[in-house]
Amino acid sequence: MKNIEFTLNGFPMLVYVDPSLRLLDVLRNTLGLTGTKEGCDIGECGACTVLLNGKAVNSCLVLIGQVENQNVLTVEGLSSHGSLHPLQQKFLEYGAVQCGFCTPGMLLSAYALLQENPHPSEDEIKDAIAGNLCRCTGYKPIIDAITAYSR
Amino acid sequence: MNTFEYLQPKSIDEAQNNFNEKSRLFAGGTDVLGLLKDHIESPEKLINLKNIPGLDKIEYVQGSGLKIGSMVKISAIAQHPLIREKYTVLAEAAESVASPQLRNVGTLGGNLCQRPRCWYFRGDFPCLRKDGGECFAVDGENKYHCIIGGEACYIVHPSDTAVALLALDAKIKISSNGKIKEVPVNDFFILPGDDILRENILQPGEVVTEVFIPEPKANMVSRYLKFTERGSWDFAIVSVAAVIEKSVNTIQNARIVWGGVAPKPWQDLEFNKNLQGLKISEDILKKVTSTLFEKAEPLEHNGYKVPLVKNLTKKILLQIA
């Protein structure tokens, strides 16, 4: 067991955990932040996507030890004071959410893109969410929602 | 996944001093954690190299070439303006790796040292590469396996960047017991006939520290073309890297390297020589590529890779010229 400090959703966080745990385990089980989903467990589906220092990563393939002193953003950190982030609003408006399992990861991949590139082309949006699988929407409403937000 | 001790050394010396036969060195972890989860490797100690200062730099010296630290992320290579301009083949190869999430974590060193994707190796089969008794691909599902260079084991090497780096005539720096050695990319990777348990020359505890790519000639152009079954997040079925020195549309020098066809990045020096002095046209390319991979020995389900190699090679040369 080890003390690990990092920044989570803008706040300093200290956890005392087994360093062989994945970031995903600590978020969901230790901290109760279940917005981040576990899908494939091998970095293919993107359901567990969080931002590490502003970049989208698969939290199922990151050990908690690797985030020591780093900055982590989960979907819980997108909303503020109980209201949804405007990007989340656009997802609702455009029907970009069906079963919802991919949504937290989609939001964070899109958010990472928009931070670096506020007005992406459709191809840039598709590239940014290439690591996030959605089995319900056919992707179009998701791309539309991200495009609408960026306008 | 079994539990393990976790170390984040601050220097290569510290990493190597803490290394023993039950340790595993790793960088981004995107491949190693998969190996641990599938119980292909079960180390007691995991040593993360990513916090070692100085290994994550990209440095270009005009007239000499480009140094890329082994802990540089794949996404950083894909986005680097100078690499995109001068070493296009490497930027394109890096951009084609996996997904944005994996490129943001995976490193160049890790990409070169990743283990094969053969489903018998990754699955619950006691195959030769896991010190077991047989290769299950020989008489099994071998659609994605190698067509050349296999001997008892028929993996393909999964790295995209390795293919580009061989075409760029790069060298790999290795830290070994306090000494640094430098080997050409072609000597770094090995075939099953050399050692069936490993894909490269690294001995336990050795660390890839840097990749060096020489300065390109002014008339050099380069591209990477990767054929995959899906549009995103896939390993190469066949890929080809082309580095060409040309004047107008005549090839002066060519280095062509293929991925997805052999247990290591594959080149055919005679083919490179045959390209010298050729004026590019579809007819000429059809002729020179027609004899490619004559020595290939496809398995039952992967013979399609031979025409794929020829056509991709033709395509990339037409694009580049």
# chains A, B, ... in the order shown; residues from 1 in each chain; ligands from 1
>>> residues_around(residues="Ala145 (chain A)", least_positions_apart="4", cutoff="12 Å", atoms="only C-alpha atoms", output="CSV table (one decimal) with C-alpha atoms, in the first residue's frame")
chain,number,residue,atom,x,y,z
A,86,PRO,CA,-22.6,22.9,-22.5
A,87,LEU,CA,-21.1,20.0,-24.4
A,88,GLN,CA,-23.2,17.6,-22.3
A,89,GLN,CA,-26.2,19.7,-23.0
A,90,LYS,CA,-25.5,19.3,-26.8
A,91,PHE,CA,-25.3,15.5,-26.4
A,92,LEU,CA,-28.8,15.6,-24.8
A,93,GLU,CA,-30.2,18.0,-27.4
A,94,TYR,CA,-28.9,15.9,-30.4
A,95,GLY,CA,-29.8,12.5,-29.0
A,96,ALA,CA,-26.2,11.5,-28.8
A,97,VAL,CA,-27.0,9.3,-25.8
A,103,THR,CA,-21.1,8.7,-23.2
A,106,MET,CA,-17.1,10.2,-25.8
A,107,LEU,CA,-17.5,13.4,-23.8
A,110,ALA,CA,-14.5,15.3,-27.5
A,111,TYR,CA,-13.6,17.7,-24.7
A,122,GLU,CA,-15.8,16.5,-39.1
A,125,ILE,CA,-13.9,14.9,-34.7
A,137,THR,CA,-26.2,5.7,-32.0
A,139,TYR,CA,-22.0,7.9,-34.2
A,140,LYS,CA,-23.8,10.5,-36.3
A,141,PRO,CA,-25.7,12.2,-33.4
A,149,TYR,CA,-21.0,22.8,-29.6
A,150,SER,CA,-18.0,23.9,-31.6
A,151,ARG,CA,-20.0,26.4,-33.7
>>> residues_around(residues="Glu21 (chain B)", least_positions_apart="5", cutoff="9 Å", atoms="only C-alpha atoms", output="PyMOL selection string")
chain B and resi 43+204-205
>>> write_last_selection(atoms="N, CA and C atoms", output="compact mmCIF listing (two decimals), in the first residue's frame")
# COMPACT_ATOMS: atom_id res chain seq x y z
N PRO B 43 5.09 -10.90 -13.82
CA PRO B 43 6.22 -10.40 -13.04
C PRO B 43 5.81 -10.08 -11.60
N PRO B 204 17.59 -9.35 -20.65
CA PRO B 204 16.86 -8.88 -19.47
C PRO B 204 17.57 -7.70 -18.79
N GLY B 205 16.81 -6.65 -18.53
CA GLY B 205 17.37 -5.48 -17.85
C GLY B 205 17.91 -4.42 -18.79
>>> residues_around(residues="Ile64 (chain A)", least_positions_apart="2", cutoff="8 Å", atoms="only C-alpha atoms", output="PyMOL selection string")
chain A and resi 4+19-23+26+62+66-68
>>> closest_atom_pairs(of="region 281-312 of chain B", to="region 214-237 of chain B", cutoff="12 Å", atoms="only C-alpha atoms", output="CSV")
residue,atom,partner,partner_atom,distance
B:Asn302,CA,B:Ile237,CA,9.8
B:Gly303,CA,B:Ile237,CA,11.8
B:Tyr304,CA,B:Ile237,CA,10.1
B:Lys305,CA,B:Ile237,CA,7.7
B:Val306,CA,B:Ile237,CA,11.1
B:Leu308,CA,B:Phe227,CA,8.6
B:Val309,CA,B:Phe227,CA,9.7
B:Asn311,CA,B:Phe227,CA,10.8
B:Leu312,CA,B:Leu225,CA,7.4
>>> write_last_selection(atoms="N, CA and C atoms", output="JSON list (two decimals), in the first residue's frame")
[["chain", "number", "residue", "atom", "x", "y", "z"],
["B", 302, "ASN", "N", -3.49, -17.07, -45.40],
["B", 302, "ASN", "CA", -2.91, -15.72, -45.52],
["B", 302, "ASN", "C", -2.23, -15.46, -46.86],
["B", 303, "GLY", "N", -2.51, -16.29, -47.84],
["B", 303, "GLY", "CA", -1.91, -16.09, -49.17],
["B", 303, "GLY", "C", -2.29, -14.76, -49.81],
["B", 304, "TYR", "N", -3.42, -14.20, -49.38],
["B", 304, "TYR", "CA", -3.87, -12.91, -49.93],
["B", 304, "TYR", "C", -2.87, -11.78, -49.66],
["B", 305, "LYS", "N", -1.98, -12.01, -48.69],
["B", 305, "LYS", "CA", -1.04, -10.93, -48.37],
["B", 305, "LYS", "C", -0.02, -10.69, -49.48],
["B", 306, "VAL", "N", 0.24, -11.71, -50.30],
["B", 306, "VAL", "CA", 1.25, -11.54, -51.36],
["B", 306, "VAL", "C", 0.80, -10.50, -52.40],
["B", 308, "LEU", "N", -1.42, -8.30, -51.95],
["B", 308, "LEU", "CA", -1.61, -7.05, -51.20],
["B", 308, "LEU", "C", -0.28, -6.30, -51.10],
["B", 309, "VAL", "N", 0.79, -7.02, -50.81],
["B", 309, "VAL", "CA", 2.12, -6.41, -50.75],
["B", 309, "VAL", "C", 2.46, -5.74, -52.08],
["B", 311, "ASN", "N", 0.50, -4.73, -54.54],
["B", 311, "ASN", "CA", -0.36, -3.60, -54.88],
["B", 311, "ASN", "C", -0.10, -2.38, -53.99],
["B", 312, "LEU", "N", 0.12, -2.62, -52.69],
["B", 312, "LEU", "CA", 0.42, -1.49, -51.80],
["B", 312, "LEU", "C", 1.74, -0.84, -52.18]]
>>> residues_around(residues="Gly132 (chain B)", least_positions_apart="3", cutoff="12 Å", atoms="only C-alpha atoms", output="VMD selection string")
chain B and resid 40 120 to 121 124 to 129 135 to 136 152 to 153 196 to 197
>>> write_last_selection(atoms="C-alpha atoms", output="mmCIF file, in the first residue's frame")
data_model
loop_
_atom_site.group_PDB
_atom_site.id
_atom_site.type_symbol
_atom_site.label_atom_id
_atom_site.label_comp_id
_atom_site.auth_asym_id
_atom_site.auth_seq_id
_atom_site.Cartn_x
_atom_site.Cartn_y
_atom_site.Cartn_z
ATOM 1 C CA ILE B 40 1.146 -14.205 -20.501
ATOM 2 C CA TYR B 120 -2.613 -18.125 -29.853
ATOM 3 C CA PHE B 121 0.211 -16.260 -28.115
ATOM 4 C CA ASP B 124 -4.727 -19.660 -23.498
ATOM 5 C CA PHE B 125 -2.479 -21.784 -25.734
ATOM 6 C CA PRO B 126 0.895 -23.207 -24.642
ATOM 7 C CA CYS B 127 2.609 -22.085 -27.848
ATOM 8 C CA LEU B 128 6.304 -22.177 -28.696
ATOM 9 C CA ARG B 129 6.780 -18.468 -27.982
ATOM 10 C CA CYS B 135 2.674 -23.449 -32.925
ATOM 11 C CA PHE B 136 -1.112 -23.513 -33.092
ATOM 12 C CA ALA B 152 8.264 -22.883 -36.351
ATOM 13 C CA CYS B 153 6.489 -19.688 -35.182
ATOM 14 C CA ILE B 196 11.682 -18.127 -30.548
ATOM 15 C CA LEU B 197 11.042 -16.551 -27.127
#
>>> select_by_dssp(residues="region 3-242 of chain B", states="strand (DSSP E)", output="ChimeraX atom specification")
/B:5-7,23-26,45-48,58-61,65-69,171-176,179-184,207-214,220-227,238-242
>>> interface_residues(of="chain A", to="chain B", cutoff="8 Å", atoms="only C-alpha atoms", output="tab-separated table (two decimals) with all heavy atoms, in the first residue's frame")
chain	number	residue	atom	x	y	z
A	19	PRO	N	-0.47	0.05	-5.24
A	19	PRO	CA	-0.06	0.68	-6.51
A	19	PRO	C	-0.24	-0.23	-7.73
A	19	PRO	O	-0.08	0.22	-8.86
A	19	PRO	CB	1.41	1.02	-6.31
A	19	PRO	CG	1.86	0.21	-5.16
A	19	PRO	CD	0.66	-0.13	-4.32
A	20	SER	N	-0.62	-1.50	-7.52
A	20	SER	CA	-0.87	-2.34	-8.69
A	20	SER	C	-2.31	-2.22	-9.19
A	20	SER	O	-2.72	-2.88	-10.12
A	20	SER	CB	-0.51	-3.80	-8.41
A	20	SER	OG	-1.29	-4.32	-7.38
A	42	ILE	N	-9.17	-3.74	-22.16
A	42	ILE	CA	-7.91	-3.88	-22.89
A	42	ILE	C	-7.63	-2.69	-23.81
A	42	ILE	O	-6.85	-2.80	-24.75
A	42	ILE	CB	-7.89	-5.20	-23.72
A	42	ILE	CG1	-9.17	-5.34	-24.55
A	42	ILE	CG2	-7.68	-6.41	-22.84
A	42	ILE	CD1	-9.15	-6.52	-25.52
A	43	GLY	N	-8.27	-1.57	-23.55
A	43	GLY	CA	-7.93	-0.36	-24.31
A	43	GLY	C	-8.51	-0.30	-25.70
A	43	GLY	O	-7.99	0.42	-26.54
A	44	GLU	N	-9.56	-1.04	-25.95
A	44	GLU	CA	-10.14	-1.00	-27.30
A	44	GLU	C	-11.43	-0.19	-27.38
A	44	GLU	O	-11.73	0.34	-28.43
A	44	GLU	CB	-10.38	-2.43	-27.81
A	44	GLU	CG	-9.08	-3.13	-28.13
A	44	GLU	CD	-9.26	-4.47	-28.81
A	44	GLU	OE1	-10.41	-4.87	-29.03
A	44	GLU	OE2	-8.23	-5.11	-29.08
A	46	GLY	N	-12.75	2.37	-25.15
A	46	GLY	CA	-12.76	3.78	-24.77
A	46	GLY	C	-13.79	4.17	-23.73
A	46	GLY	O	-13.89	5.35	-23.38
A	49	THR	N	-12.37	6.13	-20.79
A	49	THR	CA	-11.54	7.30	-21.11
A	49	THR	C	-11.63	8.38	-20.04
A	49	THR	O	-12.73	8.76	-19.61
A	49	THR	CB	-11.97	7.90	-22.47
A	49	THR	OG1	-11.83	6.89	-23.47
A	49	THR	CG2	-11.13	9.11	-22.84
A	55	LYS	N	-4.95	15.08	-21.83
A	55	LYS	CA	-4.97	14.15	-22.98
A	55	LYS	C	-5.84	12.94	-22.66
A	55	LYS	O	-5.76	12.39	-21.54
A	55	LYS	CB	-3.55	13.64	-23.28
A	55	LYS	CG	-2.53	14.74	-23.49
A	55	LYS	CD	-2.59	15.24	-24.92
A	55	LYS	CE	-1.45	16.24	-25.17
A	55	LYS	NZ	-1.65	16.96	-26.42
A	56	ALA	N	-6.62	12.49	-23.64
A	56	ALA	CA	-7.48	11.33	-23.44
A	56	ALA	C	-6.63	10.07	-23.28
A	56	ALA	O	-5.70	9.84	-24.06
A	56	ALA	CB	-8.41	11.18	-24.64
A	57	VAL	N	-6.92	9.29	-22.26
A	57	VAL	CA	-6.23	8.01	-22.05
A	57	VAL	C	-7.25	6.96	-21.60
A	57	VAL	O	-8.33	7.30	-21.12
A	57	VAL	CB	-5.09	8.11	-20.99
A	57	VAL	CG1	-4.10	9.20	-21.36
A	57	VAL	CG2	-5.65	8.36	-19.59
A	58	ASN	N	-6.90	5.69	-21.74
A	58	ASN	CA	-7.75	4.60	-21.25
A	58	ASN	C	-7.39	4.33	-19.79
A	58	ASN	O	-6.29	3.83	-19.52
A	58	ASN	CB	-7.52	3.33	-22.06
A	58	ASN	CG	-7.85	3.50	-23.53
A	58	ASN	OD1	-6.99	3.36	-24.40
A	58	ASN	ND2	-9.10	3.79	-23.82
A	61	LEU	N	-5.85	1.02	-18.62
A	61	LEU	CA	-4.47	0.67	-18.97
A	61	LEU	C	-3.48	1.63	-18.32
A	61	LEU	O	-2.34	1.74	-18.76
A	61	LEU	CB	-4.27	0.66	-20.49
A	61	LEU	CG	-4.93	-0.47	-21.26
A	61	LEU	CD1	-4.65	-0.36	-22.75
A	61	LEU	CD2	-4.47	-1.84	-20.75
A	62	VAL	N	-3.93	2.32	-17.28
A	62	VAL	CA	-3.04	3.21	-16.55
A	62	VAL	C	-3.03	2.75	-15.10
A	62	VAL	O	-4.11	2.59	-14.50
A	62	VAL	CB	-3.51	4.69	-16.66
A	62	VAL	CG1	-2.66	5.59	-15.77
A	62	VAL	CG2	-3.46	5.16	-18.10
A	65	GLY	N	-0.19	4.25	-9.87
A	65	GLY	CA	1.15	4.81	-9.63
A	65	GLY	C	1.59	5.76	-10.73
A	65	GLY	O	2.36	6.70	-10.49
A	127	ASP	N	-11.52	11.47	-36.00
A	127	ASP	CA	-10.21	11.00	-35.52
A	127	ASP	C	-10.16	11.01	-33.99
A	127	ASP	O	-9.64	10.09	-33.37
A	127	ASP	CB	-9.07	11.88	-36.06
A	127	ASP	CG	-8.76	11.55	-37.52
A	127	ASP	OD1	-9.23	10.49	-38.00
A	127	ASP	OD2	-8.06	12.35	-38.17
A	128	ALA	N	-10.70	12.08	-33.40
A	128	ALA	CA	-10.61	12.23	-31.95
A	128	ALA	C	-11.42	11.16	-31.21
A	128	ALA	O	-11.06	10.76	-30.10
A	128	ALA	CB	-11.08	13.63	-31.53
A	129	ILE	N	-12.52	10.70	-31.80
A	129	ILE	CA	-13.34	9.70	-31.12
A	129	ILE	C	-13.12	8.29	-31.71
A	129	ILE	O	-13.91	7.38	-31.45
A	129	ILE	CB	-14.85	10.06	-31.11
A	129	ILE	CG1	-15.39	10.19	-32.53
A	129	ILE	CG2	-15.09	11.33	-30.30
A	129	ILE	CD1	-16.93	10.31	-32.58
A	130	ALA	N	-12.01	8.14	-32.48
A	130	ALA	CA	-11.74	6.83	-33.10
A	130	ALA	C	-11.51	5.74	-32.05
A	130	ALA	O	-11.68	4.56	-32.34
A	130	ALA	CB	-10.52	6.93	-34.02
A	131	GLY	N	-11.11	6.12	-30.85
A	131	GLY	CA	-10.86	5.13	-29.80
A	131	GLY	C	-12.06	4.93	-28.88
A	131	GLY	O	-11.92	4.38	-27.79
>>> select_by_dssp(residues="chain A", states="alpha helix (DSSP H)", output="PyMOL selection string")
chain A and resi 23-25+86-93+103-116+122-128+140-150
>>> atom_distance(atom1="CA of Leu278 (chain B)", atom2="CA of Thr88 (chain B)")
22.4 Å
>>> decode(residues="region 309-321 of chain B", atoms="all heavy atoms", output="CSV table (one decimal), in the first residue's frame")
chain,number,residue,atom,x,y,z
B,309,VAL,N,0.8,-7.0,-50.8
B,309,VAL,CA,2.1,-6.4,-50.7
B,309,VAL,C,2.5,-5.7,-52.1
B,309,VAL,O,2.9,-4.6,-52.1
B,309,VAL,CB,3.2,-7.5,-50.4
B,309,VAL,CG1,4.6,-7.0,-50.8
B,309,VAL,CG2,3.2,-7.9,-49.0
B,310,LYS,N,2.2,-6.5,-53.2
B,310,LYS,CA,2.6,-5.9,-54.5
B,310,LYS,C,1.8,-4.7,-54.8
B,310,LYS,O,2.3,-3.7,-55.3
B,310,LYS,CB,2.3,-7.0,-55.6
B,310,LYS,CG,3.2,-8.2,-55.5
B,310,LYS,CD,2.9,-9.2,-56.5
B,310,LYS,CE,3.8,-10.5,-56.3
B,310,LYS,NZ,3.5,-11.5,-57.2
B,311,ASN,N,0.5,-4.7,-54.5
B,311,ASN,CA,-0.4,-3.6,-54.9
B,311,ASN,C,-0.1,-2.4,-54.0
B,311,ASN,O,-0.1,-1.3,-54.5
B,311,ASN,CB,-1.8,-4.0,-54.8
B,311,ASN,CG,-2.2,-4.9,-56.0
B,311,ASN,OD1,-1.6,-4.8,-57.1
B,311,ASN,ND2,-3.1,-5.8,-55.8
B,312,LEU,N,0.1,-2.6,-52.7
B,312,LEU,CA,0.4,-1.5,-51.8
B,312,LEU,C,1.7,-0.8,-52.2
B,312,LEU,O,1.9,0.4,-52.1
B,312,LEU,CB,0.5,-1.9,-50.3
B,312,LEU,CG,-0.9,-2.2,-49.6
B,312,LEU,CD1,-0.6,-2.6,-48.2
B,312,LEU,CD2,-1.7,-0.9,-49.6
B,313,THR,N,2.7,-1.7,-52.6
B,313,THR,CA,4.0,-1.1,-53.0
B,313,THR,C,3.9,-0.3,-54.2
B,313,THR,O,4.4,0.8,-54.3
B,313,THR,CB,5.0,-2.3,-53.2
B,313,THR,OG1,5.0,-3.2,-52.1
B,313,THR,CG2,6.4,-1.8,-53.4
B,314,LYS,N,3.1,-0.8,-55.1
B,314,LYS,CA,2.9,0.0,-56.4
B,314,LYS,C,2.2,1.3,-56.0
B,314,LYS,O,2.5,2.4,-56.5
B,314,LYS,CB,2.0,-0.9,-57.3
B,314,LYS,CG,2.2,-0.7,-58.7
B,314,LYS,CD,1.6,-1.8,-59.5
B,314,LYS,CE,0.1,-1.8,-59.5
B,314,LYS,NZ,-0.5,-3.0,-60.1
B,315,LYS,N,1.2,1.2,-55.2
B,315,LYS,CA,0.4,2.4,-54.8
B,315,LYS,C,1.3,3.5,-54.1
B,315,LYS,O,1.2,4.6,-54.5
B,315,LYS,CB,-0.7,2.0,-53.9
B,315,LYS,CG,-1.7,3.1,-53.6
B,315,LYS,CD,-2.9,2.5,-52.8
B,315,LYS,CE,-3.8,3.6,-52.3
B,315,LYS,NZ,-4.9,3.2,-51.5
B,316,ILE,N,2.1,3.0,-53.2
B,316,ILE,CA,2.9,4.0,-52.5
B,316,ILE,C,3.9,4.7,-53.4
B,316,ILE,O,4.2,5.9,-53.3
B,316,ILE,CB,3.5,3.4,-51.2
B,316,ILE,CG1,3.9,4.5,-50.2
B,316,ILE,CG2,4.8,2.6,-51.5
B,316,ILE,CD1,4.3,4.0,-48.8
B,317,LEU,N,4.5,3.9,-54.3
B,317,LEU,CA,5.5,4.5,-55.2
B,317,LEU,C,4.8,5.4,-56.2
B,317,LEU,O,5.4,6.4,-56.6
B,317,LEU,CB,6.2,3.3,-55.9
B,317,LEU,CG,7.2,2.6,-55.0
B,317,LEU,CD1,7.7,1.3,-55.7
B,317,LEU,CD2,8.4,3.5,-54.7
B,318,LEU,N,3.6,5.1,-56.6
B,318,LEU,CA,2.9,6.0,-57.5
B,318,LEU,C,2.5,7.3,-56.8
B,318,LEU,O,2.6,8.4,-57.3
B,318,LEU,CB,1.6,5.4,-58.0
B,318,LEU,CG,1.8,4.4,-59.2
B,318,LEU,CD1,0.5,3.7,-59.5
B,318,LEU,CD2,2.3,5.2,-60.4
B,319,GLN,N,2.2,7.2,-55.5
B,319,GLN,CA,1.8,8.4,-54.7
B,319,GLN,C,3.0,9.3,-54.5
B,319,GLN,O,2.9,10.5,-54.4
B,319,GLN,CB,1.3,8.0,-53.3
B,319,GLN,CG,-0.2,7.5,-53.4
B,319,GLN,CD,-0.7,7.1,-52.0
B,319,GLN,OE1,0.1,7.1,-51.0
B,319,GLN,NE2,-1.9,6.8,-51.9
B,320,ILE,N,4.2,8.7,-54.3
B,320,ILE,CA,5.3,9.4,-53.8
B,320,ILE,C,6.1,10.0,-55.0
B,320,ILE,O,6.8,11.0,-54.8
B,320,ILE,CB,6.3,8.4,-53.1
B,320,ILE,CG1,7.0,9.1,-51.9
B,320,ILE,CG2,7.3,7.7,-54.0
B,320,ILE,CD1,7.7,8.1,-51.0
B,321,ALA,N,5.9,9.5,-56.2
B,321,ALA,CA,6.7,9.9,-57.3
B,321,ALA,C,6.1,11.2,-58.0
B,321,ALA,O,5.0,11.5,-57.8
B,321,ALA,CB,6.9,8.8,-58.4
